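Undergrad: Got a structure here, written out as structure tokens. Questions coming.
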Amino acid sequence: MNTKKATAVTDGEGRTLWAGAFRPGRMHDQTALRTEGIADLFERFPEVKAKADAGYRGLAKEFPNQVQAPPLKLKKNATLEEAATWDAERHQQCSERICVEHANAEHKQWRTLQRFFGRREYFEETYTAVAGLVSDRAAER
């Protein structure tokens with residue numbers, strides 16, 4: 001009831017390009033992308049590629065050549081060969097996404113966002129301001 005979430009888009013260097021799609025905590029990540037029209041952009045711009053976390057697995061199924069999400073967890077009765085393949089895929093995907101995770105962590109390192117006690121109606125403005133500062137700092141590196 002009180003949680004608010006944001007979606008951030010970063011480049012391959014971990015620089016924040018866009019922060020938005022603010023929503024209540026109970027709304028799924030993928031629903032927020034559809035509400036903001038981001039899924040439509042994948043249709044309009046087929047050359048755009050993205051690496052996403054497990055919350056966007058449905059988007060990866062819909063746009064398999066554009067969106068890469070982590071592989072599904074293994075079943076309990078998986079063979080050793082399947083486990084080795086899964087582990088290699090997961091490791092490769094995690095290695096490619098680490099810059100995105102670092103960019104997300106940078107937003108949360110700001111004291112203002114660590115435990116946001118302000119009024120919910122100001123969260124979007126506060127997050128956007130912090131994302132801009134993080135982006136500027138990353139651009140200087």
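In the structure tokens, chains take letters A, B, ... by order of appearance, with residues numbered from 1 within each chain and ligands from 1 in the order shown.
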At a cut-off of 8 Å, using only C-alpha atoms, what residues contact A:Gly20? Leave out same-chain residues fewer than 4 positions from it and give the result as a VMD selection string.
TA: chain A and resid 6 to 8 124 128
Undergrad: Hey, what does DSSP flag as strand (DSSP E or B) within chain A? Can you give it to me as JSON, numbers by chain?
TA: {"A": [4, 5, 6, 7, 8, 9, 10, 16, 17, 18, 19, 20, 21, 22, 23, 24, 50, 51, 67, 68]}
Undergrad: Skip stretch 39-56 of chain A itself and residues of its chain fewer than 4 positions away, then list as a ChimeraX atom specification all residues within 12 Å of it, counting only C-alpha atoms.
TA: /A:7-12,14,27-35,60-73,90,92-101,104
Undergrad: Looking at only C-alpha atoms, which of A:Lys4, A:Trp18, A:Asn77, A:Glu89 is the one that sits closest to A:Leu113?
TA: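 Smallest distance to A:Leu113 is found for A:Lys4.
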Undergrad: With a distance cut-off of 12 Å and only C-alpha atoms, select the neighbouring residues of A:Lys108, excluding the residue or stretch itself and same-chain residues fewer than 6 positions from it, and output the selection as a PyMOL selection string.
TA: chain A and resi 5-6+8+101-102+114-116+126-127+130-131+134
Undergrad: Could the residues in this selection be written to a file with N, CA, C and O atoms, as an mmCIF file, in the first residue's frame?
TA:
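Generated output (result30.cif):
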data_model
loop_
_atom_site.group_PDB
_atom_site.id
_atom_site.type_symbol
_atom_site.label_atom_id
_atom_site.label_comp_id
_atom_site.auth_asym_id
_atom_site.auth_seq_id
_atom_site.Cartn_x
_atom_site.Cartn_y
_atom_site.Cartn_z
ATOM 1 N N LYS A 5 7.588 2.182 -6.702
ATOM 2 C CA LYS A 5 8.737 1.669 -7.442
ATOM 3 C C LYS A 5 8.976 2.537 -8.669
ATOM 4 O O LYS A 5 8.076 3.202 -9.156
ATOM 5 N N ALA A 6 10.192 2.444 -9.173
ATOM 6 C CA ALA A 6 10.562 3.151 -10.398
ATOM 7 C C ALA A 6 11.292 2.185 -11.316
ATOM 8 O O ALA A 6 11.899 1.221 -10.867
ATOM 9 N N ALA A 8 14.275 2.050 -14.266
ATOM 10 C CA ALA A 8 15.397 2.819 -14.803
ATOM 11 C C ALA A 8 15.962 2.096 -16.020
ATOM 12 O O ALA A 8 16.037 0.872 -16.054
ATOM 13 N N GLU A 101 23.085 -3.470 -12.899
ATOM 14 C CA GLU A 101 22.900 -3.615 -11.454
ATOM 15 C C GLU A 101 23.664 -2.534 -10.691
ATOM 16 O O GLU A 101 23.180 -2.011 -9.697
ATOM 17 N N HIS A 102 24.856 -2.197 -11.177
ATOM 18 C CA HIS A 102 25.619 -1.135 -10.528
ATOM 19 C C HIS A 102 24.914 0.208 -10.665
ATOM 20 O O HIS A 102 24.904 1.010 -9.725
ATOM 21 N N GLN A 114 17.374 5.865 0.244
ATOM 22 C CA GLN A 114 17.582 4.643 1.013
ATOM 23 C C GLN A 114 16.344 4.276 1.813
ATOM 24 O O GLN A 114 15.929 3.130 1.848
ATOM 25 N N ARG A 115 15.808 5.225 2.508
ATOM 26 C CA ARG A 115 14.527 5.039 3.205
ATOM 27 C C ARG A 115 13.765 6.321 3.024
ATOM 28 O O ARG A 115 13.911 7.257 3.778
ATOM 29 N N PHE A 116 12.966 6.355 1.975
ATOM 30 C CA PHE A 116 12.249 7.572 1.631
ATOM 31 C C PHE A 116 11.104 7.767 2.613
ATOM 32 O O PHE A 116 10.138 7.016 2.620
ATOM 33 N N THR A 126 11.583 13.330 -6.485
ATOM 34 C CA THR A 126 12.837 13.065 -5.767
ATOM 35 C C THR A 126 13.669 12.031 -6.512
ATOM 36 O O THR A 126 14.871 12.210 -6.712
ATOM 37 N N TYR A 127 13.043 10.944 -6.940
ATOM 38 C CA TYR A 127 13.766 9.893 -7.648
ATOM 39 C C TYR A 127 14.333 10.421 -8.958
ATOM 40 O O TYR A 127 15.485 10.137 -9.308
ATOM 41 N N VAL A 130 17.413 12.552 -8.238
ATOM 42 C CA VAL A 130 18.572 11.717 -7.881
ATOM 43 C C VAL A 130 19.093 11.001 -9.121
ATOM 44 O O VAL A 130 20.310 10.920 -9.334
ATOM 45 N N ALA A 131 18.201 10.483 -9.962
ATOM 46 C CA ALA A 131 18.619 9.793 -11.191
ATOM 47 C C ALA A 131 19.401 10.740 -12.099
ATOM 48 O O ALA A 131 20.393 10.339 -12.721
ATOM 49 N N VAL A 134 22.873 11.128 -10.560
ATOM 50 C CA VAL A 134 23.633 9.893 -10.772
ATOM 51 C C VAL A 134 24.115 9.828 -12.227
ATOM 52 O O VAL A 134 25.262 9.478 -12.495
#
Undergrad: Which one of A:Gln109, A:Glu81, A:Arg119, A:Ala103 sits closest to A:Ala139 if you count only C-alpha atoms?
TA: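 Residue with the minimum atom-to-atom distance to A:Ala139: A:Ala103.
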Undergrad: Just how far from atom CA of A:Gly58 is atom CA of A:Arg15, in Å to one decimal?
TA: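 Taking atom CA of A:Arg15 as the start and atom CA of A:Gly58 as the end point, the length is 25.0 Å.
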Undergrad: Within 9 Å of A:Gly132, counting only C-alpha atoms, which residues show up once you throw out same-chain ones fewer than 6 positions away? Write them as a ChimeraX atom specification, please.
TA: /A:16-19
Undergrad: Please indicate the distance in Å from atom CA of A:Leu74 to atom CA of A:Arg57, rounded to one decimal place.
TA: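 It comes out at 15.1 Å.
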